[in-house]
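Remarks on the structure that follows.
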Amino acid sequence: MSESCKYHLVCGMEVHAELKTNSKMFCGCKNDPFGAEKPNSHTCPVCLGMPGALPVANKKAIEWTIKLGLALNCKINLFSKFDRKNYFYPDLPKAYQISQYDIPFCYEGVIETSHGPIRITRIHLEEDTGKLLHKEIKGEDVSLIDYNRSSVPLIEIVTEPDIKSPEQAEEYGRALRDIIRYLDIGNCDMEQGGMRLEANISLQENGKEGLPNYKTEVKNINSFKFAKQAIEFEMERQEEILEEGNIPKQETRGWDAKKSVTFSQRTKEDAEDYRYFPDPDLPPIRFTTEQIEKIRKDIPKLPHVLVKEWKENYGVEERYSSILFNSPSEAKWLEELFVLSKKEGLKANKLVGAMVNKNVKYNFTDKVESVINEFKKLNKTDDVSDDDLIKIIDNVIKANADTVARYKAGEKQLINFFFGQTMKALGKKVDGGLLRKLLTQQLDK
Amino acid sequence: MLNKITKQQVHHVAKLANIPIDDSEAEKLATGFRETLETITDLQSVDVSGVEPTHQVTGMENILREDKVDDSRTFTQEQALANAKQTHQGFFVVPRLIKK
C-alpha cells in the first residue's frame, strides 16, 4: 500500500496454540501427536467421540491457560465452563468441538509491542481436531484422518483490533510464542501446526472513527513472516476494491505461501452456525481467588521485564541480555552471575559481551564463579596479541645478549629476569602462564 | 414471533445436521418445527428475572483429572479402526473434503 494512502489498517488476531501436557484435554491418551509412531495409535472412546464416553477436563491444562492469562495481564473468570461448538466435519468425530463460548477462563489482558500495546480480548481453552490429509488413492479422491491430535489441549488467544501494521502483527505473534515457551506450557512448533495464526483484516478511511463495516479473515497462517505478508497483500487488495467504490466481501480467505497471495475460501452465505450450548458432560469450574494467586506466584518474571531490570541494575545492554536465555532457570543463573560480577567489581556488560562473542565459554550448568574466573583470565591478555608479545620478548632478548648466553648455559632461573624485563617493557598486565610459555619458546630457539 | 419457519430455514438446519432432505420433506418439517416452537414459546411467559442461569443440573463442580497418561483405555490402532467403513495404512478414509 502506498505511503500517501488514505486508509489505515484495522487488524485483530486469533492465535491457536497446543499445550504440552502429558495427556490430552478430556481423556488420558498421550498428548504427543507429532511423536506418535503411527496414526490413530493415541486414541480412546473419548477422543474418538464414541457414544457414552465421558470426557473429564485436564486440570493442568486449565491452570496453564490461567497462567498465560495472568502473564498477559488478563482478568480471570473464577466461574467458567465448557460449551459444545456444533459442526459436522470429520476432523472431530463427535460432530462438535468442546470449547468455551461466553465465559472464557481469561479476558481483558494486554501485551506490549514496540509499536504500542495490543489488548487481549480473551483466552479460552478447547480441544484440537484430528489431522486431515487429502490424497488420491487408487484413483479415488479421499481424505485421510489421524485422530492422534484429536482432543489435544488447545488455547485460543483473541486480540482486539489494535494491530496497526503488518510489522506489529509479526512482532505480536513472536512475542506471544516467546511467552508461551518461556512459561513452559507449549512448544509452539509452527511447522507442525503447534501454533496457528489467523488475522481479521480491514481498512478504515483515515479520519473516520470506529470499525469498518466489513472484514476478511485470513486463516491457516503457519509463520510470522507469512502473517505479515498476508496482511500486506490484503491491504493492497482491499484498497483497490475500496478505491473502485466497492466494499470487500465478508469472507474467510486462505494464505497460499507459494504464490504469496490470499484466496477466497468461504463467503458469508455459508457462514458458521455453531449452536453453542453448555456441555452437559462437563460440570462447571469454580476457582477461588487464593487458587488464582497461587498460580500467579508461580509465574516467573518475563524476559522483557528481566532485560529492563538487568539494564537498570547491572548496566547490561539489551542486545546481549535478550539473546542469552530461553528459560527461567537460565535467567536465574544469569542473575546470580550479575550479582557476583558486581561484587567482584567487574563490568557485567563487558562480561556478557565476552559470553555472546564466545570469548568466554560457558554452560548453564557451570558454577558462576568459574565463568567469572574465565572472564578475569581473558581480561588480563585482552589487549596484547601473541605476536605483539613475541616482538617485545625478542627485543628484550636482543638487548640482553649476555644474560641469554648464561640462561642457555644452564642458569634457568634467569627466566624470572626476562619475565620482569618483558613486563616492564610491556607496561600492561598479561597472563603470566602464557608469557612464561612464550619466553621459554623464544629463548630456546 | 416465530410464526413463520421457512423451507429455507429447514434446509439450513438439515444441512448443519448433515441430514439430506428433499423439498416436500422440508415443507412438512416446517409445519412440524412451527408447532414445536409454538409450544416452547409458552415458556417465554415465565418470569425468570430473579433466576440465575443454570448451566448444569447435577450440582457438581470442578470434576477434573490430574495430567496423567492412562494407557489402560487407549486403543491399539487396529481397535481404533475396527468399525471404520474404509481405512488406508492406519488412517480413517472419508470422501475428499477439500476441492482440488
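All residue names refer to the C-alpha cells as shown: chains lettered A, B, ... in order, residues numbered from 1 in each chain, ligands numbered from 1 in order.
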Which residues of chain A have any atom within 9 Å of an atom in chain B when counting only C-alpha atoms, and what is the closest pair of atoms for each, with the distance in Å to one decimal? Order the rows by chain and rising number and write it as a tab-separated table.
residue	atom	partner	partner_atom	distance
A:Thr21	CA	B:Asp67	CA	6.7
A:Asn22	CA	B:Asp67	CA	6.1
A:Ser23	CA	B:Val69	CA	5.0
A:Lys24	CA	B:Asp67	CA	8.1
A:Met25	CA	B:Asp67	CA	8.7
A:Phe26	CA	B:Arg65	CA	8.5
A:Cys27	CA	B:Asp70	CA	8.0
A:Gly28	CA	B:Asp70	CA	4.5
A:Cys29	CA	B:Val69	CA	5.7
A:Lys30	CA	B:Val69	CA	5.5
A:Asn31	CA	B:Val69	CA	8.2
A:Lys38	CA	B:Gly90	CA	7.3
A:Pro39	CA	B:Gly90	CA	5.7
A:Asn40	CA	B:Gln77	CA	5.4
A:Ser41	CA	B:Gln77	CA	4.8
A:His42	CA	B:Thr74	CA	6.4
A:Thr43	CA	B:Thr74	CA	5.5
A:Cys44	CA	B:Thr74	CA	4.7
A:Pro45	CA	B:Arg73	CA	7.9
A:Leu48	CA	B:Ala80	CA	8.0
A:Val56	CA	B:Leu64	CA	5.8
A:Ala57	CA	B:Leu64	CA	5.0
A:Asn58	CA	B:Arg65	CA	5.1
A:Lys59	CA	B:Leu64	CA	5.5
A:Lys60	CA	B:Asp67	CA	6.0
A:Ala61	CA	B:Asp67	CA	8.0
A:Lys81	CA	B:His55	CA	8.2
A:Asn86	CA	B:Leu16	CA	8.5
A:Tyr87	CA	B:Leu16	CA	6.7
A:Phe88	CA	B:Ala17	CA	6.6
A:Tyr89	CA	B:Leu97	CA	8.7
A:Pro90	CA	B:Val94	CA	8.0
A:Ala95	CA	B:Ala17	CA	8.7
A:Leu132	CA	B:Leu97	CA	8.9
A:His134	CA	B:Arg96	CA	6.4
A:Lys135	CA	B:Arg96	CA	7.6
A:Glu136	CA	B:Arg96	CA	8.6
A:Ile137	CA	B:His88	CA	8.7
A:Glu140	CA	B:Pro95	CA	8.4
A:Asp141	CA	B:Arg96	CA	5.3
A:Val142	CA	B:Arg96	CA	3.9
A:Ser143	CA	B:Arg96	CA	4.6
A:Leu144	CA	B:Val93	CA	4.8
A:Ile145	CA	B:Phe92	CA	5.0
A:Asp146	CA	B:Phe91	CA	5.7
A:Tyr147	CA	B:Phe91	CA	8.6
A:Asp273	CA	B:Leu16	CA	7.8
A:Tyr274	CA	B:Leu16	CA	8.6
A:Phe277	CA	B:His55	CA	8.8
A:Pro278	CA	B:His55	CA	6.1
A:Asp279	CA	B:His55	CA	8.3
A:Pro280	CA	B:Gln56	CA	6.3
A:Leu282	CA	B:Ile63	CA	7.5
A:Pro283	CA	B:Glu61	CA	5.2
A:Pro284	CA	B:Glu61	CA	5.2
A:Ile285	CA	B:Asn62	CA	4.7
A:Arg286	CA	B:Asn62	CA	6.4
A:Phe287	CA	B:Asn62	CA	8.5
Save out the residues we just selected, C-alpha atoms, as a short mmCIF file (atom, residue, chain, number, x, y, z; two decimals), in the first residue's frame.
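Done, and the output landed in out.cif:
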data_model
loop_
_atom_site.label_atom_id
_atom_site.label_comp_id
_atom_site.auth_asym_id
_atom_site.auth_seq_id
_atom_site.Cartn_x
_atom_site.Cartn_y
_atom_site.Cartn_z
CA THR A 21 0.53 -31.51 28.82
CA ASN A 22 1.35 -35.21 29.18
CA SER A 23 -2.20 -36.31 28.45
CA LYS A 24 -4.99 -34.99 26.25
CA MET A 25 -7.58 -32.41 27.26
CA PHE A 26 -10.52 -34.66 28.12
CA CYS A 27 -9.04 -38.16 28.33
CA GLY A 28 -5.89 -39.93 29.48
CA CYS A 29 -4.50 -40.56 26.00
CA LYS A 30 -0.92 -39.49 25.40
CA ASN A 31 -0.60 -35.93 24.08
CA LYS A 38 1.79 -44.45 13.72
CA PRO A 39 -1.57 -42.78 13.01
CA ASN A 40 -4.58 -43.46 15.26
CA SER A 41 -2.45 -45.03 17.99
CA HIS A 42 -3.19 -42.47 20.73
CA THR A 43 -6.97 -42.71 20.87
CA CYS A 44 -9.69 -43.98 23.17
CA PRO A 45 -13.52 -43.90 23.30
CA LEU A 48 -12.86 -40.91 19.06
CA VAL A 56 -13.10 -35.25 32.11
CA ALA A 57 -11.12 -32.00 31.90
CA ASN A 58 -7.34 -31.92 32.44
CA LYS A 59 -6.64 -29.77 35.50
CA LYS A 60 -3.14 -28.80 34.41
CA ALA A 61 -4.34 -27.52 31.02
CA LYS A 81 -17.50 -23.77 31.87
CA ASN A 86 -21.56 -27.95 16.90
CA TYR A 87 -20.40 -28.59 13.37
CA PHE A 88 -20.38 -31.57 11.09
CA TYR A 89 -16.90 -32.25 9.77
CA PRO A 90 -14.80 -35.39 10.14
CA ALA A 95 -19.82 -33.57 15.43
CA LEU A 132 -6.64 -34.43 7.74
CA HIS A 134 -6.10 -35.01 1.24
CA LYS A 135 -4.95 -37.62 -1.24
CA GLU A 136 -5.74 -39.68 -4.26
CA ILE A 137 -5.72 -43.39 -3.52
CA GLU A 140 -10.24 -42.11 -5.71
CA ASP A 141 -10.15 -38.64 -4.15
CA VAL A 142 -10.15 -39.15 -0.41
CA SER A 143 -9.25 -37.55 2.87
CA LEU A 144 -7.28 -39.50 5.45
CA ILE A 145 -7.84 -38.87 9.15
CA ASP A 146 -5.49 -39.33 12.07
CA TYR A 147 -7.12 -38.76 15.46
CA ASP A 273 -23.84 -21.50 12.75
CA TYR A 274 -22.37 -23.35 15.69
CA PHE A 277 -24.59 -24.68 24.44
CA PRO A 278 -23.06 -25.71 27.80
CA ASP A 279 -21.59 -29.21 27.59
CA PRO A 280 -23.68 -31.35 29.95
CA LEU A 282 -18.51 -31.35 31.94
CA PRO A 283 -19.54 -29.75 35.23
CA PRO A 284 -18.61 -26.06 35.53
CA ILE A 285 -15.35 -24.97 37.13
CA ARG A 286 -15.03 -22.63 40.05
CA PHE A 287 -11.75 -21.19 41.32
#
Notebook entry, point to check: Leaving out His115 of chain A and any residue of its chain fewer than 2 positions from it, which residues lie within 12 Å of it when counting only C-alpha atoms, given as a list in words?
Noted result: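 Here the answer would be Ile111, Glu112, Thr113, Pro117, Ile118, Asp162, Ile163, Lys164, Ser165, Pro166, Glu167, Gln168, Ala169, Glu170, Glu171 and Tyr172 of chain A.
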Could those selected residues go to a file with C-alpha atoms, as a PDB file, in the first residue's frame?
ATOM      1  CA  ILE A 111       0.571  -7.296  25.601  1.00  0.00           C
ATOM      2  CA  GLU A 112       3.198  -4.655  24.827  1.00  0.00           C
ATOM      3  CA  THR A 113       4.906  -4.364  21.455  1.00  0.00           C
ATOM      4  CA  PRO A 117       0.044  -2.135  23.272  1.00  0.00           C
ATOM      5  CA  ILE A 118      -2.373  -4.755  21.910  1.00  0.00           C
ATOM      6  CA  ASP A 162      -5.442  -2.898  17.847  1.00  0.00           C
ATOM      7  CA  ILE A 163      -2.853  -4.058  15.320  1.00  0.00           C
ATOM      8  CA  LYS A 164      -1.859  -1.108  13.178  1.00  0.00           C
ATOM      9  CA  SER A 165       0.727  -2.551  10.802  1.00  0.00           C
ATOM     10  CA  PRO A 166       1.858  -5.858   9.289  1.00  0.00           C
ATOM     11  CA  GLU A 167       5.109  -5.476  11.251  1.00  0.00           C
ATOM     12  CA  GLN A 168       3.214  -5.189  14.518  1.00  0.00           C
ATOM     13  CA  ALA A 169       1.260  -8.368  13.697  1.00  0.00           C
ATOM     14  CA  GLU A 170       4.526 -10.229  13.153  1.00  0.00           C
ATOM     15  CA  GLU A 171       6.006  -8.888  16.375  1.00  0.00           C
ATOM     16  CA  TYR A 172       2.868  -9.789  18.315  1.00  0.00           C
TER      17      TYR A 172
END
Note to self: What parts of segment 35-284 of chain A does DSSP call strand (DSSP E)? I'd like the answer as a PyMOL selection string.
What the structure shows: chain A and resi 57-58+75-76+79-80+83-86+96-99+106-113+116-127+131-137+140-146+153-159+195-205+216-221+251-256+261-267+277-278
Item checked: Separation of atom CA of Trp64 of chain A from atom CA of Ile185 of chain A, in Å and rounded to one decimal ->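 Atom CA of Ile185 of chain A lies 6.5 Å from atom CA of Trp64 of chain A.
Compared by their closest atoms to Ser99 of chain A, and using only C-alpha atoms, the residues A:Leu154, A:Leu438, A:Ala425, A:Ile323 rank with A:Leu154 nearest.
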Notebook entry, point to check: Where in segment 147-339 of chain A does DSSP assign helix (DSSP H, G or I), given as number ranges by chain?
Noted result: A: 147-149, 166-182, 224-243, 268-270, 289-297, 303-314, 318-324, 328-339
Write out the residues from the selection above, keeping C-alpha atoms, as a tab-separated table (two decimals), in the first residue's frame.
chain	number	residue	atom	x	y	z
A	147	TYR	CA	-7.12	-38.76	15.46
A	148	ASN	CA	-3.88	-38.73	17.48
A	149	ARG	CA	-4.27	-34.94	17.63
A	166	PRO	CA	1.86	-5.86	9.29
A	167	GLU	CA	5.11	-5.48	11.25
A	168	GLN	CA	3.21	-5.19	14.52
A	169	ALA	CA	1.26	-8.37	13.70
A	170	GLU	CA	4.53	-10.23	13.15
A	171	GLU	CA	6.01	-8.89	16.38
A	172	TYR	CA	2.87	-9.79	18.31
A	173	GLY	CA	3.00	-13.38	17.09
A	174	ARG	CA	6.64	-13.77	18.05
A	175	ALA	CA	6.12	-12.15	21.46
A	176	LEU	CA	3.21	-14.47	22.20
A	177	ARG	CA	5.19	-17.53	21.15
A	178	ASP	CA	8.16	-16.48	23.30
A	179	ILE	CA	5.95	-16.04	26.36
A	180	ILE	CA	4.21	-19.41	25.88
A	181	ARG	CA	7.58	-21.10	25.54
A	182	TYR	CA	9.05	-19.21	28.49
A	224	PHE	CA	5.05	-14.98	11.47
A	225	LYS	CA	6.55	-13.81	8.21
A	226	PHE	CA	3.54	-15.15	6.31
A	227	ALA	CA	1.23	-13.29	8.71
A	228	LYS	CA	2.99	-10.06	7.79
A	229	GLN	CA	2.88	-10.88	4.07
A	230	ALA	CA	-0.78	-11.92	4.16
A	231	ILE	CA	-1.75	-8.64	5.83
A	232	GLU	CA	0.32	-6.64	3.31
A	233	PHE	CA	-1.38	-8.50	0.46
A	234	GLU	CA	-4.86	-7.96	1.90
A	235	MET	CA	-4.22	-4.25	2.44
A	236	GLU	CA	-3.38	-3.81	-1.23
A	237	ARG	CA	-6.25	-5.99	-2.43
A	238	GLN	CA	-8.80	-4.25	-0.23
A	239	GLU	CA	-7.53	-0.78	-1.11
A	240	GLU	CA	-8.12	-1.49	-4.79
A	241	ILE	CA	-11.69	-2.63	-4.12
A	242	LEU	CA	-12.41	0.37	-1.91
A	243	GLU	CA	-10.93	2.75	-4.48
A	268	LYS	CA	-20.83	-15.13	4.38
A	269	GLU	CA	-23.70	-17.01	2.73
A	270	ASP	CA	-22.49	-20.26	4.24
A	289	THR	CA	-9.08	-16.01	44.48
A	290	GLU	CA	-6.45	-17.85	46.59
A	291	GLN	CA	-6.04	-20.51	43.89
A	292	ILE	CA	-5.56	-17.85	41.22
A	293	GLU	CA	-3.00	-16.04	43.39
A	294	LYS	CA	-1.13	-19.31	43.85
A	295	ILE	CA	-0.88	-19.67	40.06
A	296	ARG	CA	0.23	-16.05	39.82
A	297	LYS	CA	3.08	-16.68	42.27
A	303	PRO	CA	12.10	-11.84	29.62
A	304	HIS	CA	11.21	-8.23	28.77
A	305	VAL	CA	10.94	-7.39	32.48
A	306	LEU	CA	14.29	-9.04	33.26
A	307	VAL	CA	16.03	-7.34	30.35
A	308	LYS	CA	14.85	-3.97	31.66
A	309	GLU	CA	15.86	-4.75	35.26
A	310	TRP	CA	19.30	-6.01	34.26
A	311	LYS	CA	19.91	-2.82	32.31
A	312	GLU	CA	18.99	-0.70	35.32
A	313	ASN	CA	20.75	-2.78	37.98
A	314	TYR	CA	23.84	-4.06	36.17
A	318	GLU	CA	19.51	-5.43	25.79
A	319	ARG	CA	21.32	-6.57	22.62
A	320	TYR	CA	23.21	-9.04	24.81
A	321	SER	CA	20.75	-9.96	27.52
A	322	SER	CA	17.82	-10.58	25.18
A	323	ILE	CA	19.63	-13.39	23.35
A	324	LEU	CA	21.32	-15.05	26.31
A	328	PRO	CA	13.50	-19.12	33.78
A	329	SER	CA	16.31	-21.35	35.08
A	330	GLU	CA	18.78	-19.80	32.65
A	331	ALA	CA	17.60	-16.36	33.71
A	332	LYS	CA	18.17	-17.28	37.36
A	333	TRP	CA	21.71	-18.39	36.56
A	334	LEU	CA	22.43	-15.10	34.78
A	335	GLU	CA	21.05	-13.12	37.69
A	336	GLU	CA	23.48	-14.95	40.02
A	337	LEU	CA	26.31	-14.21	37.61
A	338	PHE	CA	25.48	-10.49	37.56
A	339	VAL	CA	25.29	-10.30	41.35
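Here the question is which of A:Gly194, A:Gly186, A:Gly116, A:Pro51 gets nearest to Thr65 of chain A using only C-alpha atoms, and that residue is A:Gly186.
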Checklist line | Closest of A:Val430, A:Cys5, A:Val158, A:Val404 to Lys445 of chain A - atom-to-atom distances counting only C-alpha atoms | finding: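 Of A:Val430, A:Cys5, A:Val158, A:Val404, the one nearest Lys445 of chain A is A:Val404, counting only C-alpha atoms.
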Checklist line | Point-to-point distance from atom CA of Lys376 of chain A to atom CA of Ile415 of chain A, Å rounded to tenths | finding: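 Atom CA of Ile415 of chain A lies 25.0 Å from atom CA of Lys376 of chain A.
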Margin query: Env of Thr6 of chain B: 9 Å cut, atoms = only C-alpha atoms, seq-sep filter 4 positions within chain, self excluded. Answer as a list in words.
Written below: Val10, His11, Ala26, Glu27 and Ala30 of chain B
Check: Can you tell me how far atom CA of Ala53 of chain A sits from atom CA of Leu125 of chain A, in Å to one decimal?
Finding: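 Between atom CA of Ala53 of chain A and atom CA of Leu125 of chain A the gap works out to 20.3 Å.
The protein and nucleic acid residues lying at most 8 Å from Arg119 of chain A are Glu108, Gly109, Val110, Ile111, Thr159, Glu160 and Asp162 of chain A, with only C-alpha atoms considered and sequence neighbours fewer than 3 positions away removed.
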Checklist line | Exercise: Met423 of chain A partners within 10 Å, only C-alpha atoms, chain neighbours under 4 positions left out, as a list in words | finding: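 Listing them by chain and then by number gives Leu389, Ile392, Ile393, Phe417, Phe418, Phe419, Gly427, Lys428, Lys429, Val430, Gly432 and Leu435 of chain A.
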Store the residues picked out above in a file with C-alpha atoms, as a PDB file, in the first residue's frame.
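The file below, selection_15.pdb, is the result:
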ATOM      1  CA  LEU A 389      54.124 -10.205  22.914  1.00  0.00           C
ATOM      2  CA  ILE A 392      58.608  -7.440  22.790  1.00  0.00           C
ATOM      3  CA  ILE A 393      60.177 -10.643  24.089  1.00  0.00           C
ATOM      4  CA  PHE A 417      64.750 -11.722  34.940  1.00  0.00           C
ATOM      5  CA  PHE A 418      63.393 -11.884  31.396  1.00  0.00           C
ATOM      6  CA  PHE A 419      59.868 -12.112  32.770  1.00  0.00           C
ATOM      7  CA  GLY A 427      53.629  -1.825  30.726  1.00  0.00           C
ATOM      8  CA  LYS A 428      50.491  -3.974  30.806  1.00  0.00           C
ATOM      9  CA  LYS A 429      49.126  -6.936  32.662  1.00  0.00           C
ATOM     10  CA  VAL A 430      49.234 -10.199  30.766  1.00  0.00           C
ATOM     11  CA  GLY A 432      51.678 -14.939  33.478  1.00  0.00           C
ATOM     12  CA  LEU A 435      54.131 -15.066  28.960  1.00  0.00           C
TER      13      LEU A 435
END
Notebook entry, point to check: Which one is closest to Gln421 of chain A: A:Lys67, A:Lys398, A:Lys249, A:Lys361? Count only C-alpha atoms.
Noted result: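 That would be A:Lys398, the residue with the smallest distance to Gln421 of chain A.
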